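Chemist: My structure is in work23.cif, and what it holds is mmCIF, C-alpha atoms:
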```
data_final
loop_
_atom_site.label_atom_id
_atom_site.label_comp_id
_atom_site.auth_asym_id
_atom_site.auth_seq_id
_atom_site.Cartn_x
_atom_site.Cartn_y
_atom_site.Cartn_z
CA MET A 15 0.00 0.00 0.00
CA LYS A 16 1.32 3.44 -0.96
CA LYS A 17 1.97 5.97 1.76
CA VAL A 18 0.97 9.63 1.57
CA SER A 19 2.67 12.21 3.78
CA VAL A 20 1.00 15.54 4.51
CA LEU A 21 3.53 18.22 5.45
CA ILE A 22 2.40 21.30 7.40
CA PRO A 23 4.86 23.93 8.70
CA CYS A 24 3.47 25.68 11.79
CA PHE A 25 4.33 28.92 13.51
CA ASN A 26 1.98 30.05 16.30
CA GLU A 27 -0.96 28.06 14.89
CA ALA A 28 -2.38 26.67 18.16
CA GLN A 29 -5.83 28.06 17.36
CA THR A 30 -6.11 26.50 13.90
CA LEU A 31 -4.57 23.08 14.55
CA PRO A 32 -7.64 21.30 16.05
CA ALA A 33 -9.83 22.22 13.09
CA LEU A 34 -7.05 21.36 10.64
CA TYR A 35 -6.51 17.97 12.27
CA GLU A 36 -10.23 17.14 12.01
CA GLU A 37 -10.15 17.92 8.28
CA LEU A 38 -7.02 15.83 7.75
CA LYS A 39 -8.42 12.97 9.84
CA LYS A 40 -11.58 12.99 7.73
CA LEU A 41 -9.41 12.91 4.59
CA ALA A 42 -7.26 10.02 5.83
CA ASP A 43 -10.26 8.01 7.08
CA THR A 44 -12.04 8.28 3.72
CA GLN A 45 -8.98 7.61 1.54
CA THR A 46 -8.35 4.11 2.90
CA ALA A 47 -6.40 3.00 -0.18
CA TYR A 48 -3.36 4.76 1.26
CA ASP A 49 -1.37 4.78 4.47
CA TRP A 50 -1.14 8.29 5.91
CA GLU A 51 1.49 10.31 7.72
CA LEU A 52 0.59 13.76 9.06
CA MET A 53 3.91 15.58 9.51
CA PHE A 54 3.75 18.87 11.45
CA VAL A 55 6.88 21.02 11.71
CA ASP A 56 6.79 23.43 14.66
CA ASP A 57 8.95 26.33 13.52
CA GLY A 58 9.86 27.70 16.94
CA SER A 59 6.34 28.73 17.95
CA VAL A 60 5.97 30.82 21.12
CA ASP A 61 2.33 29.91 21.78
CA ALA A 62 0.84 26.50 22.65
CA THR A 63 1.40 25.03 19.18
CA LEU A 64 3.81 22.33 20.36
CA ASP A 65 1.55 21.33 23.27
CA VAL A 66 -1.42 20.97 20.90
CA LEU A 67 0.70 18.86 18.53
CA LYS A 68 1.78 16.59 21.38
CA GLN A 69 -1.86 16.00 22.30
CA LEU A 70 -2.69 15.20 18.68
CA HIS A 71 0.21 12.74 18.52
CA ILE A 72 -1.08 10.97 21.63
CA LYS A 73 -4.55 10.79 20.10
CA ASP A 74 -3.46 9.66 16.62
CA GLU A 75 -0.23 7.80 15.87
CA ARG A 76 -0.37 9.05 12.27
CA VAL A 77 0.53 12.50 13.58
CA CYS A 78 4.29 13.06 13.49
CA VAL A 79 5.85 16.19 14.98
CA LEU A 80 9.19 17.84 14.34
CA SER A 81 10.01 20.76 16.63
CA LEU A 82 12.80 23.17 15.60
CA SER A 83 15.01 24.90 18.16
CA ARG A 84 13.88 28.38 17.02
CA ASN A 85 12.05 30.09 14.19
CA PHE A 86 14.08 29.35 11.05
CA GLY A 87 11.43 30.60 8.62
CA LYS A 88 8.86 28.76 6.55
CA GLU A 89 11.28 27.90 3.74
CA ASN A 90 13.63 26.04 6.07
CA ALA A 91 10.75 24.48 8.00
CA LEU A 92 9.53 22.99 4.73
CA LEU A 93 12.99 21.58 4.09
CA ALA A 94 13.03 20.03 7.57
CA GLY A 95 9.74 18.31 6.81
CA ILE A 96 10.87 17.16 3.36
CA ASP A 97 14.00 15.67 4.94
CA ASN A 98 11.89 13.60 7.36
CA VAL A 99 8.74 12.51 5.52
CA SER A 100 8.57 8.81 4.69
CA GLY A 101 5.71 8.70 2.17
CA ASP A 102 5.77 7.78 -1.51
CA CYS A 103 4.51 11.32 -2.07
CA VAL A 104 4.09 14.41 0.07
CA VAL A 105 1.30 16.98 0.10
CA VAL A 106 2.62 20.37 1.21
CA MET A 107 0.02 22.73 2.67
CA ASP A 108 -0.39 25.60 5.14
CA ALA A 109 -1.85 25.23 8.62
CA ASP A 110 -4.43 28.01 8.28
CA LEU A 111 -7.00 25.96 6.27
CA GLN A 112 -6.70 28.31 3.31
CA ASP A 113 -5.40 25.28 1.43
CA PRO A 114 -8.45 22.95 1.35
CA PRO A 115 -7.68 19.30 2.22
CA SER A 116 -10.70 18.39 0.07
CA LEU A 117 -8.51 19.03 -3.00
CA VAL A 118 -6.03 16.29 -2.06
CA PRO A 119 -8.04 13.36 -3.56
CA GLU A 120 -7.96 15.08 -6.96
CA MET A 121 -4.20 15.55 -6.59
CA LEU A 122 -3.80 11.86 -5.76
CA THR A 123 -5.77 10.92 -8.88
CA TYR A 124 -3.37 12.88 -11.09
CA TRP A 125 -0.42 11.41 -9.20
CA GLU A 126 -1.69 7.91 -9.96
CA ASP A 127 -1.93 8.99 -13.61
CA GLY A 128 1.82 9.62 -13.64
CA TYR A 129 2.18 13.29 -12.75
CA GLN A 130 5.01 13.98 -10.30
CA ASP A 131 4.25 17.55 -9.24
CA VAL A 132 0.55 18.36 -8.91
CA TYR A 133 0.31 22.02 -7.94
CA ALA A 134 -2.74 23.99 -6.84
CA LYS A 135 -3.27 27.27 -8.68
CA ARG A 136 -5.54 29.99 -7.34
CA ARG A 137 -8.25 31.09 -9.76
CA ASP A 138 -7.73 34.67 -8.59
CA ARG A 139 -5.82 36.50 -5.87
CA GLY A 140 -9.01 37.34 -3.96
CA ARG A 141 -9.30 40.32 -1.63
CA GLU A 142 -5.68 41.36 -1.79
CA PRO A 143 -4.48 44.97 -1.33
CA LEU A 144 -3.93 46.67 -4.70
CA ILE A 145 -0.29 47.61 -4.06
CA ARG A 146 0.51 44.06 -2.95
CA LYS A 147 -1.14 42.63 -6.05
CA MET A 148 0.78 45.08 -8.29
CA PHE A 149 4.12 44.15 -6.74
CA SER A 150 3.29 40.43 -7.06
CA LEU A 151 2.57 40.79 -10.76
CA LEU A 152 5.74 42.85 -11.21
CA PHE A 153 7.77 40.17 -9.44
CA TYR A 154 6.43 37.39 -11.67
CA ARG A 155 7.07 39.53 -14.77
CA ILE A 156 10.68 40.09 -13.72
CA MET A 157 11.21 36.41 -13.02
CA ALA A 158 9.62 35.41 -16.32
CA HIS A 159 12.15 37.49 -18.26
CA ALA A 160 15.16 36.89 -16.03
CA THR A 161 15.15 33.10 -15.50
CA ARG A 162 15.61 30.18 -17.86
CA PHE A 163 12.67 28.25 -16.47
CA GLU A 164 9.00 29.08 -15.98
CA LEU A 165 8.01 30.36 -12.56
CA LEU A 166 4.33 29.52 -12.05
CA GLN A 167 2.06 32.48 -11.28
CA ASN A 168 -0.60 32.44 -8.54
CA VAL A 169 0.87 29.18 -7.25
CA GLY A 170 1.97 28.78 -3.64
CA ASP A 171 3.41 25.85 -1.72
CA PHE A 172 0.17 23.82 -1.82
CA ARG A 173 1.07 20.84 -4.00
CA LEU A 174 1.72 17.11 -4.19
CA LEU A 175 5.29 15.98 -4.84
CA ASP A 176 6.30 12.50 -5.93
CA ARG A 177 9.15 10.65 -4.22
CA GLN A 178 11.53 11.64 -7.04
CA CYS A 179 10.70 15.30 -6.42
CA ILE A 180 11.23 14.80 -2.68
CA ASP A 181 14.67 13.30 -3.26
CA ALA A 182 15.57 16.13 -5.64
CA MET A 183 14.51 18.77 -3.10
CA ARG A 184 16.60 17.06 -0.41
CA CYS A 185 19.69 17.58 -2.57
CA LEU A 186 19.19 21.37 -2.67
CA ARG A 187 20.83 22.62 0.54
CA GLU A 188 21.22 26.32 -0.22
CA THR A 189 20.78 28.68 2.72
CA GLU A 190 18.84 31.43 0.95
CA ARG A 191 15.83 29.37 -0.10
CA TYR A 192 12.87 30.22 -2.27
CA ASN A 193 10.91 26.98 -2.44
CA LYS A 194 8.36 28.15 -5.02
CA GLY A 195 11.27 28.64 -7.41
CA LEU A 196 12.96 25.40 -6.40
CA PHE A 197 9.78 23.41 -7.06
CA CYS A 198 9.81 24.78 -10.61
CA TRP A 199 13.58 24.44 -11.04
CA ILE A 200 13.69 20.69 -10.37
CA GLY A 201 11.32 20.09 -13.29
CA PHE A 202 9.47 16.74 -13.57
CA LYS A 203 6.01 16.17 -14.99
CA LYS A 204 3.63 18.82 -13.65
CA LYS A 205 -0.14 19.14 -13.51
CA GLU A 206 -2.26 22.15 -12.59
CA VAL A 207 -5.30 21.96 -10.30
CA LEU A 208 -7.45 25.08 -9.91
CA PHE A 209 -8.98 26.04 -6.56
CA ASP A 210 -10.48 28.96 -4.67
CA ARG A 211 -8.28 29.93 -1.75
CA GLY A 212 -10.30 30.44 1.41
CA ASN A 213 -9.87 32.80 4.33
CA ARG A 214 -7.97 31.99 7.51
CA SER A 215 -10.15 30.12 9.98
CA GLU A 216 -8.40 31.63 13.02
CA GLY A 217 -5.67 34.17 13.79
CA GLU A 218 -3.92 36.57 11.45
CA SER A 219 -1.39 36.16 8.69
CA ARG A 220 2.21 36.89 9.66
CA TRP A 221 3.18 37.67 6.08
CA SER A 222 3.44 41.47 6.03
CA PHE A 223 4.23 43.49 2.92
CA TRP A 224 7.89 43.75 3.95
CA SER A 225 8.13 40.03 4.63
CA LEU A 226 6.82 39.31 1.14
CA LEU A 227 9.18 41.93 -0.34
CA ASN A 228 12.14 40.22 1.35
CA LEU A 229 10.93 36.88 0.02
CA ALA A 230 10.71 38.35 -3.50
CA ILE A 231 14.29 39.68 -3.21
CA ASP A 232 15.43 36.21 -2.09
CA GLY A 233 13.64 34.71 -5.08
CA ILE A 234 15.22 37.09 -7.58
CA THR A 235 18.75 36.82 -6.20
CA SER A 236 18.49 33.03 -5.85
CA PHE A 237 17.59 32.32 -9.44
CA THR A 238 19.02 35.04 -11.65
CA THR A 239 21.97 37.40 -11.98
CA ALA A 240 19.86 39.81 -14.05
CA PRO A 241 20.16 42.65 -11.48
CA LEU A 242 23.95 42.49 -11.81
CA ARG A 243 23.65 42.59 -15.57
CA PHE A 244 21.21 45.49 -15.29
CA ALA A 245 23.71 47.41 -13.13
CA THR A 246 26.46 46.71 -15.68
CA ILE A 247 24.35 47.95 -18.60
CA ILE A 248 23.24 51.08 -16.73
CA GLY A 249 26.86 51.77 -15.75
CA ALA A 250 28.01 51.41 -19.37
CA ILE A 251 25.26 53.73 -20.62
CA ILE A 252 26.07 56.37 -18.01
CA ALA A 253 29.81 56.09 -18.71
CA LEU A 254 29.16 56.61 -22.41
CA GLY A 255 26.92 59.59 -21.65
CA ALA A 256 29.55 61.06 -19.32
CA PHE A 257 32.19 60.71 -22.04
CA CYS A 258 29.94 62.49 -24.55
CA PHE A 259 29.34 65.32 -22.06
CA LEU A 260 33.09 65.54 -21.47
CA VAL A 261 33.78 65.91 -25.20
CA PHE A 262 30.99 68.47 -25.50
CA TYR A 263 32.19 70.67 -22.64
CA ILE A 264 35.84 70.50 -23.70
CA SER A 265 34.87 71.52 -27.23
CA LYS A 266 32.64 74.30 -25.89
CA THR A 267 35.45 75.63 -23.69
CA LEU A 268 37.97 75.62 -26.52
CA ILE A 269 35.61 77.40 -28.92
CA PHE A 270 33.60 79.78 -26.70
CA GLY A 271 35.71 80.12 -23.56
CA ASP A 272 34.80 78.99 -20.03
CA PRO A 273 32.30 81.34 -18.32
CA VAL A 274 31.34 80.41 -14.74
CA GLN A 275 27.94 78.74 -15.07
CA GLY A 276 26.24 75.35 -14.95
CA PHE A 277 26.37 74.82 -11.18
CA THR A 278 22.85 73.30 -11.12
CA THR A 279 23.69 70.95 -13.97
CA LEU A 280 26.90 69.89 -12.25
CA VAL A 281 25.15 69.12 -8.94
CA SER A 282 22.35 67.20 -10.71
CA VAL A 283 24.85 65.06 -12.64
CA VAL A 284 26.94 64.32 -9.54
CA LEU A 285 23.89 63.34 -7.48
CA PHE A 286 22.53 61.17 -10.30
CA LEU A 287 25.84 59.35 -10.77
CA GLY A 288 26.19 58.93 -7.00
CA GLY A 289 22.71 57.44 -6.75
CA VAL A 290 23.40 54.97 -9.56
CA GLN A 291 26.67 53.96 -7.95
CA LEU A 292 25.01 53.36 -4.58
CA LEU A 293 22.26 51.33 -6.27
CA SER A 294 24.86 49.19 -8.03
CA ILE A 295 26.80 48.72 -4.80
CA GLY A 296 23.58 47.71 -3.05
CA ILE A 297 22.84 45.08 -5.72
CA LEU A 298 26.37 43.73 -5.38
CA GLY A 299 25.94 43.71 -1.61
CA GLU A 300 22.79 41.55 -1.86
CA TYR A 301 24.69 38.90 -3.82
CA ILE A 302 27.83 39.12 -1.67
CA GLY A 303 25.71 38.73 1.47
CA ARG A 304 24.23 35.54 0.07
CA ILE A 305 27.68 34.25 -0.87
CA TYR A 306 28.76 34.97 2.72
CA ASN A 307 25.81 33.03 4.16
CA GLU A 308 26.41 30.07 1.85
CA ALA A 309 30.16 30.03 2.60
CA LYS A 310 29.55 29.59 6.34
CA GLY A 311 28.00 26.21 5.66
CA ARG A 312 25.60 26.28 8.61
CA PRO A 313 22.69 23.81 8.63
CA ASN A 314 19.34 25.13 7.41
CA TYR A 315 17.65 24.19 10.68
CA VAL A 316 18.24 22.58 14.09
CA VAL A 317 15.81 20.01 15.49
CA LYS A 318 14.97 20.34 19.18
CA GLU A 319 12.74 17.27 19.52
CA CYS A 320 10.58 14.95 17.45
CA SER A 321 7.61 12.72 18.15
CA SER A 322 9.63 9.52 17.59
CA ASP A 323 11.48 10.31 20.85
CA TRP A 324 8.34 10.76 22.97
#
```
Here is the file; what I need is its structure written in the form of structure tokens.
Modeler:
Amino acid sequence: MKKVSVLIPCFNEAQTLPALYEELKKLADTQTAYDWELMFVDDGSVDATLDVLKQLHIKDERVCVLSLSRNFGKENALLAGIDNVSGDCVVVMDADLQDPPSLVPEMLTYWEDGYQDVYAKRRDRGREPLIRKMFSLLFYRIMAHATRFELLQNVGDFRLLDRQCIDAMRCLRETERYNKGLFCWIGFKKKEVLFDRGNRSEGESRWSFWSLLNLAIDGITSFTTAPLRFATIIGAIIALGAFCFLVFYISKTLIFGDPVQGFTTLVSVVLFLGGVQLLSIGILGEYIGRIYNEAKGRPNYVVKECSSDW
């Protein structure tokens, strides 16, 4: 009998876990053709999340818990779960019930048909702030032109991955992770499933605008050197323009003399060039910072305890 693992990273989700467990239990009890593993990764929660998970483990042996020593971030929590799941496939989903467990049987059907990455795509972005939606579309447009593979739009982490995909993800140990990009980068046979993303059942989202912006920067710098190329091209254009201005002003001085004027122009040019230089240095700094983090070779996460030890 094939085994299906459900992987849920959790951070301060004590309120949502009972309802989520009931939905997953209903799913596992109705899909009796498979063995089930419910893998919860506690990403350093400061509420009662771990206590709730321990109670669920006592109640149901299918519940497996991995508790990290601190909050390492969702991307690394997902890696921790992927490293420890034992199923023939894994269903990755959030703990807030915005990813409906009722969609999993359809995913399993496509998996049995031979698809190795069955991803859930939102029909629309729902009630999302306009500025956030605009930046999301801009991010996907940049990635579409800057990378050599297709980054799926309106697709989150909610998906089913075959064992081959799991093994491939385990090989990717980079520190600065952007899993949505990694899922696309590894390739394999993919299938789209459309769904309507619901609202959180309890609590509030911890993904602020700045958190998402940082995630977008991680995604861009992890999968393309286009910003470096952009800085190079802009620098070359400005250098050429500066050379043309130099020739112009030298010629003007030789022909018409050198009256004292042009202070505003001089200040504007200096400030513009200084701004471009600082922007280019900042782009270089983003990449150098990531090289620094990778060079340290620290593990992506540290496990504090797991349910197999209880």
Chemist: If we draw a sphere of 6 Å around (2.5, 24.9, 10.6), which residues have at least one atom in it when counting all atoms listed in the file? Please report them as a PyMOL selection string.
Modeler: chain A and resi 22-25+55+109
Chemist: Using the chain letters and numbers from the file, which residues does the PyMOL selection byres ((chain A and resi 203-208) around 7) grab, as a PyMOL selection string?
Modeler: chain A and resi 129-137+201-202+209
Chemist: Record the distance separating atom CA of Gln112 of chain A and atom CA of Tyr35 of chain A, expressed in Å with one decimal.
Modeler: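 Answer for the atom CA of Gln112 of chain A to atom CA of Tyr35 of chain A separation: 13.7 Å.
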Chemist: Counting only C-alpha atoms, what is within 9 Å of segment 36-38 of chain A, bar same-chain residues fewer than 2 positions away, as a list in words?
Modeler: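 The residues satisfying every condition are Val20, Leu31, Pro32, Ala33, Leu34, Lys40, Leu41, Ala42, Asp43, Leu52, Leu111, Pro114, Pro115 and Ser116 of chain A.
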Chemist: Would you work out the distance separating atom CA of Trp199 of chain A from atom CA of Ala94 of chain A, expressed in Å to one decimal?
Modeler: 19.1 Å
Chemist: The PyMOL selection byres ((chain A and resi 75) around 12) - which residues does that actually catch in the file I just gave you? List them as a list in words.
Modeler: Lys39, Asp49, Trp50, Glu51, Leu52, Met53, Leu67, Lys68, Gln69, Leu70, His71, Ile72, Lys73, Asp74, Arg76, Val77, Cys78, Val79, Ser321, Ser322 and Trp324 of chain A
Chemist: What does the distance from atom CA of Leu82 of chain A to atom CA of Gly58 of chain A come to in Å, to one decimal?
Modeler: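 Separation of atom CA of Leu82 of chain A and atom CA of Gly58 of chain A: 5.6 Å.
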Chemist: So which one's closest to Thr30 of chain A, A:Ile302, A:Ala91, A:Leu287, A:Val66? Using only C-alpha atoms, please.
Modeler: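 Smallest separation from Thr30 of chain A among the options: A:Val66.
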